[in-house]
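Each remark here refers to the structure printed beneath this line.
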Amino acid sequence: MTTSLASLGWDERFQDSFRRFRRPGNCAGRVTRVDRGVCTVLTAAGTVRASLAGRMLSAVAKDPLAMPSVGDWVVVRTWEADRRTIEAVLPRRSALVRHTAGKAAEGQAIAANADAVAVVESLDPDPDSGRIERLAALAHASGAEPLLVLTKADMVPDVDLLAADLGEAMPGCPVITVSSVTGQGMERLAGYLGDGRTLALVGASGAGKSTLVNALAGVEAMATRGLRADGRGRHTTSHRALIALPQGGSIIDTPGLRVVGLFDRRPGDAASPTDGLARAFEDLEELATECRFRDCRHDTEPGCAILAAVADGLVTTRRVDNWRKLQREQAFARSRADARARAVDRDRKRKLAAAERARLRKL
Ligand SMILES: Nc1nc2c(ncn2[C@@H]2O[C@H](COP(=O)(O)OP(=O)(O)O)[C@@H](O)[C@H]2O)c(=O)[nH]1
Ligand SMILES: [Mg+2]
Ligand SMILES: [Zn+2]
């Protein structure tokens, strides 16, 4: 399939960022898949595979966020014998970043340059508002437009009631109920996939993400869970991947994230983190400004606007509890990131001092 870069979202701003890399042998492309450090990249000349250039490797060793992610626009260099390397990642417009499973408090980009991020939750069985809120914080932090997509509408009788209830987990965001069986809601969702636009899907395993991708792409682009006609099991999606749609635009399928730790730093944005959590709970943040005490913990304090709203039935205790739980989690992730930054700084100072002592000895 030939896909124009423009239909994948390449525009003047990316073109501008690419300018300083423009030289024979270099071209731009969009990462559609990453396997153990090898990227599959869609370029104007077709799909290529590329490994990381040396300077990319050292950047990644310092900060895992520098690792190219699905959806990234990258500079690909072609060497002799068709060997290809990724020389740079062009600045991201948005990035879904999760806290890595490793010991260090570091983030990992799981999807880059999405225009919209759909939090995908299945209406059946047991939709979970807490999970929606957690993913909403991630989506808000990404810098892309968050929306809620509720799947398997064909499985429940009282869809609208349920959707209204779950929608409260993402106040102010569009809520789309869909069914890949009846086709309900698919047209509305397709509205987020115009030419050059990218929609990323995040959600638990089994939520119906890959089924959505296939329905929107009109082809079996992703393996879905379920049985094949011959009765043999299928693999569930194990690699996040960007799929270019025949009608233009692209969609990013991420694997079901079992644990999505919150991370609040966006690449290239270290100085002013986008606080996804604060945005996901803007309703409560706003209420909290009306508490009598500025450091109100919304626990037992008199004049607490949050407790008053709960008493009035305006917000649920569940949502308030989850907000505070996620806040504690984020504070913990931040303190670990800070501790790590201090350790790196200490190490750097120690090395500088040693070099200075060695220099003085030589004098
Ligand atoms: N009834 C019904 N089942 C669905 C729908 N969407 C997905 N499924 C089923 O849900 C299961 C998980 O779907 P899949 O797309 O693999 O989920 P993923 O893990 O989020 O990618 C599969 O068995 C699908 O056939 C839907 O709209 N209605
Ligand atoms: Mg899947
Ligand atoms: Zn309060």
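Quick note on naming: the chains in the structure tokens go A, B, ... in the order shown, residues restart at 1 in each chain, and ligands are numbered from 1 in order of appearance.
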
Within 7 Å of ligand 3, counting only C-alpha atoms and all ligand atoms, residues as an mmCIF file with C-alpha atoms, in the first residue's frame:
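Saved to part00.cif:
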data_model
loop_
_atom_site.group_PDB
_atom_site.id
_atom_site.type_symbol
_atom_site.label_atom_id
_atom_site.label_comp_id
_atom_site.auth_asym_id
_atom_site.auth_seq_id
_atom_site.Cartn_x
_atom_site.Cartn_y
_atom_site.Cartn_z
ATOM 1 C CA ALA A 288 -11.436 22.406 45.974
ATOM 2 C CA CYS A 291 -12.728 24.802 50.494
ATOM 3 C CA CYS A 296 -7.861 21.058 52.853
ATOM 4 C CA ARG A 297 -7.511 17.289 52.621
ATOM 5 C CA HIS A 298 -11.267 16.899 52.007
ATOM 6 C CA ASP A 299 -11.386 14.490 54.869
ATOM 7 C CA GLU A 301 -12.226 19.620 57.562
ATOM 8 C CA CYS A 304 -14.893 21.561 52.709
ATOM 9 C CA ALA A 305 -16.541 22.136 49.334
ATOM 10 C CA ILE A 306 -15.789 18.596 48.155
ATOM 11 C CA LEU A 307 -17.478 16.970 51.148
#

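Note that the spacing between atom CA of Leu277 of chain A and atom CA of Ala139 of chain A amounts to 9.4 Å.
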
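Of the residues under consideration (A:Glu187, A:Glu329, A:Asp253, A:Asp72), A:Asp253 shows the shortest atom-to-atom contact distance to Ala118 of chain A when counting only C-alpha atoms.
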
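Here the question is which of A:Val159, A:Val38, A:Leu123, A:Ile252 gets nearest to Gly71 of chain A using only C-alpha atoms, and that residue is A:Ile252.
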
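Taking only C-alpha atoms and all ligand atoms into account, ligand 2 lies nearest to A:Val120 out of the set A:Val41, A:Val120, A:Met155, A:Ala53.
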
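We find atom CA of Ala354 of chain A and atom CA of Ser335 of chain A to be spaced 28.5 Å apart.
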
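Taking only C-alpha atoms and all ligand atoms into account, ligand 2 lies nearest to A:Lys209 out of the set A:Arg292, A:Lys209, A:Arg92, A:Lys62.
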
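Nearest to Val320 of chain A of all the residues A:Leu242, A:Ala169, A:Val175, A:Gly191 is A:Ala169, based on only C-alpha atoms.
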
Would you list the contacts of Met67 of chain A as number ranges by chain, taking every protein, DNA or RNA residue within 8 Å and counting only C-alpha atoms, but skipping same-chain residues closer than 6 positions in sequence? A: 56, 59-60, 108-109

Saved selection, atoms kept: N, CA and C atoms, as a short mmCIF file (atom, residue, chain, number, x, y, z; two decimals), in the first residue's frame:
data_model
loop_
_atom_site.label_atom_id
_atom_site.label_comp_id
_atom_site.auth_asym_id
_atom_site.auth_seq_id
_atom_site.Cartn_x
_atom_site.Cartn_y
_atom_site.Cartn_z
N MET A 56 21.27 7.86 19.15
CA MET A 56 19.93 7.58 19.67
C MET A 56 20.04 6.61 20.85
N ALA A 59 21.11 8.42 23.86
CA ALA A 59 20.02 9.26 24.36
C ALA A 59 19.00 8.42 25.13
N VAL A 60 18.72 7.23 24.60
CA VAL A 60 17.74 6.35 25.24
C VAL A 60 18.27 5.83 26.58
N GLN A 108 7.72 6.02 29.69
CA GLN A 108 7.91 5.36 28.41
C GLN A 108 6.77 5.82 27.51
N ALA A 109 7.13 6.29 26.31
CA ALA A 109 6.10 6.74 25.38
C ALA A 109 5.47 5.50 24.74
#

Do you know which residues are at most 7 Å from Val117 of chain A counting only C-alpha atoms, after dropping those on the same chain fewer than 5 positions away, and could you put them as JSON, numbers by chain? {"A": [139, 144, 145, 146, 147, 199, 200, 201]}

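A straight line drawn from atom CA of Ala141 of chain A to atom CA of Glu121 of chain A is 18.7 Å long.
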
Give the alpha helix (DSSP H) residues of segment 6-171 of chain A, as DSSP finds them on the backbone, and put them as a PyMOL selection string. chain A and resi 12-18+54-62+129-142+159-167

Can you write just those residues out, N, CA and C atoms, as a JSON list (two decimals), in the first residue's frame?
[["chain", "number", "residue", "atom", "x", "y", "z"],
["A", 12, "GLU", "N", 3.66, 21.12, 7.59],
["A", 12, "GLU", "CA", 4.76, 22.10, 7.54],
["A", 12, "GLU", "C", 5.58, 22.15, 8.81],
["A", 13, "ARG", "N", 4.93, 21.94, 9.96],
["A", 13, "ARG", "CA", 5.69, 22.01, 11.21],
["A", 13, "ARG", "C", 6.69, 20.86, 11.31],
["A", 14, "PHE", "N", 6.26, 19.65, 10.93],
["A", 14, "PHE", "CA", 7.21, 18.53, 10.95],
["A", 14, "PHE", "C", 8.29, 18.77, 9.89],
["A", 15, "GLN", "N", 7.86, 19.28, 8.75],
["A", 15, "GLN", "CA", 8.79, 19.61, 7.66],
["A", 15, "GLN", "C", 9.88, 20.56, 8.17],
["A", 16, "ASP", "N", 9.45, 21.54, 8.96],
["A", 16, "ASP", "CA", 10.39, 22.51, 9.54],
["A", 16, "ASP", "C", 11.39, 21.82, 10.47],
["A", 17, "SER", "N", 10.89, 20.94, 11.32],
["A", 17, "SER", "CA", 11.78, 20.24, 12.25],
["A", 17, "SER", "C", 12.74, 19.33, 11.49],
["A", 18, "PHE", "N", 12.31, 18.85, 10.33],
["A", 18, "PHE", "CA", 13.14, 17.94, 9.55],
["A", 18, "PHE", "C", 14.26, 18.68, 8.82],
["A", 54, "GLY", "N", 23.80, 5.25, 16.84],
["A", 54, "GLY", "CA", 24.54, 5.33, 18.09],
["A", 54, "GLY", "C", 24.09, 6.45, 19.00],
["A", 55, "ARG", "N", 23.89, 7.62, 18.44],
["A", 55, "ARG", "CA", 23.53, 8.73, 19.32],
["A", 55, "ARG", "C", 22.11, 8.59, 19.86],
["A", 56, "MET", "N", 21.27, 7.86, 19.15],
["A", 56, "MET", "CA", 19.93, 7.58, 19.67],
["A", 56, "MET", "C", 20.04, 6.61, 20.85],
["A", 57, "LEU", "N", 20.93, 5.62, 20.69],
["A", 57, "LEU", "CA", 21.11, 4.63, 21.77],
["A", 57, "LEU", "C", 21.57, 5.30, 23.05],
["A", 58, "SER", "N", 22.50, 6.26, 22.93],
["A", 58, "SER", "CA", 22.98, 6.89, 24.16],
["A", 58, "SER", "C", 21.92, 7.83, 24.74],
["A", 59, "ALA", "N", 21.11, 8.42, 23.86],
["A", 59, "ALA", "CA", 20.02, 9.26, 24.36],
["A", 59, "ALA", "C", 19.00, 8.42, 25.13],
["A", 60, "VAL", "N", 18.72, 7.23, 24.60],
["A", 60, "VAL", "CA", 17.74, 6.35, 25.24],
["A", 60, "VAL", "C", 18.27, 5.83, 26.58],
["A", 61, "ALA", "N", 19.61, 5.57, 26.62],
["A", 61, "ALA", "CA", 20.20, 5.11, 27.87],
["A", 61, "ALA", "C", 20.03, 6.16, 28.96],
["A", 62, "LYS", "N", 20.08, 7.44, 28.57],
["A", 62, "LYS", "CA", 19.91, 8.52, 29.55],
["A", 62, "LYS", "C", 18.44, 8.72, 29.90],
["A", 129, "SER", "N", -15.36, 2.63, 36.32],
["A", 129, "SER", "CA", -15.13, 4.08, 36.29],
["A", 129, "SER", "C", -13.72, 4.44, 36.74],
["A", 130, "GLY", "N", -13.19, 3.69, 37.71],
["A", 130, "GLY", "CA", -11.85, 3.97, 38.22],
["A", 130, "GLY", "C", -10.79, 3.79, 37.14],
["A", 131, "ARG", "N", -10.97, 2.74, 36.35],
["A", 131, "ARG", "CA", -10.02, 2.50, 35.26],
["A", 131, "ARG", "C", -10.13, 3.60, 34.21],
["A", 132, "ILE", "N", -11.36, 4.03, 33.94],
["A", 132, "ILE", "CA", -11.56, 5.12, 32.98],
["A", 132, "ILE", "C", -10.84, 6.38, 33.46],
["A", 133, "GLU", "N", -10.98, 6.67, 34.76],
["A", 133, "GLU", "CA", -10.35, 7.88, 35.31],
["A", 133, "GLU", "C", -8.84, 7.83, 35.21],
["A", 134, "ARG", "N", -8.28, 6.67, 35.49],
["A", 134, "ARG", "CA", -6.83, 6.51, 35.42],
["A", 134, "ARG", "C", -6.34, 6.73, 33.98],
["A", 135, "LEU", "N", -7.02, 6.11, 33.02],
["A", 135, "LEU", "CA", -6.62, 6.26, 31.63],
["A", 135, "LEU", "C", -6.91, 7.68, 31.13],
["A", 136, "ALA", "N", -7.95, 8.30, 31.70],
["A", 136, "ALA", "CA", -8.28, 9.67, 31.32],
["A", 136, "ALA", "C", -7.13, 10.61, 31.70],
["A", 137, "ALA", "N", -6.54, 10.36, 32.87],
["A", 137, "ALA", "CA", -5.41, 11.20, 33.31],
["A", 137, "ALA", "C", -4.26, 11.06, 32.32],
["A", 138, "LEU", "N", -4.03, 9.84, 31.88],
["A", 138, "LEU", "CA", -2.98, 9.57, 30.89],
["A", 138, "LEU", "C", -3.30, 10.29, 29.57],
["A", 139, "ALA", "N", -4.55, 10.19, 29.15],
["A", 139, "ALA", "CA", -4.98, 10.82, 27.89],
["A", 139, "ALA", "C", -4.87, 12.34, 27.98],
["A", 140, "HIS", "N", -5.30, 12.91, 29.11],
["A", 140, "HIS", "CA", -5.22, 14.37, 29.29],
["A", 140, "HIS", "C", -3.76, 14.82, 29.27],
["A", 141, "ALA", "N", -2.89, 14.04, 29.90],
["A", 141, "ALA", "CA", -1.48, 14.40, 29.97],
["A", 141, "ALA", "C", -0.80, 14.35, 28.61],
["A", 142, "SER", "N", -1.39, 13.61, 27.69],
["A", 142, "SER", "CA", -0.73, 13.41, 26.39],
["A", 142, "SER", "C", -0.70, 14.67, 25.54],
["A", 159, "VAL", "N", -28.15, 0.96, 27.54],
["A", 159, "VAL", "CA", -26.91, 1.61, 27.11],
["A", 159, "VAL", "C", -26.82, 3.07, 27.54],
["A", 160, "ASP", "N", -27.89, 3.83, 27.31],
["A", 160, "ASP", "CA", -27.81, 5.27, 27.55],
["A", 160, "ASP", "C", -27.60, 5.61, 29.03],
["A", 161, "LEU", "N", -28.30, 4.86, 29.87],
["A", 161, "LEU", "CA", -28.16, 5.07, 31.31],
["A", 161, "LEU", "C", -26.73, 4.79, 31.76],
["A", 162, "LEU", "N", -26.23, 3.66, 31.30],
["A", 162, "LEU", "CA", -24.88, 3.22, 31.65],
["A", 162, "LEU", "C", -23.84, 4.21, 31.12],
["A", 163, "ALA", "N", -24.04, 4.66, 29.88],
["A", 163, "ALA", "CA", -23.11, 5.59, 29.26],
["A", 163, "ALA", "C", -23.09, 6.92, 30.00],
["A", 164, "ALA", "N", -24.26, 7.36, 30.46],
["A", 164, "ALA", "CA", -24.33, 8.63, 31.20],
["A", 164, "ALA", "C", -23.56, 8.51, 32.50],
["A", 165, "ASP", "N", -23.71, 7.37, 33.16],
["A", 165, "ASP", "CA", -23.03, 7.12, 34.42],
["A", 165, "ASP", "C", -21.51, 7.08, 34.22],
["A", 166, "LEU", "N", -21.06, 6.31, 33.24],
["A", 166, "LEU", "CA", -19.62, 6.17, 32.99],
["A", 166, "LEU", "C", -19.02, 7.47, 32.46],
["A", 167, "GLY", "N", -19.80, 8.23, 31.75],
["A", 167, "GLY", "CA", -19.35, 9.50, 31.20],
["A", 167, "GLY", "C", -18.91, 10.47, 32.29]]
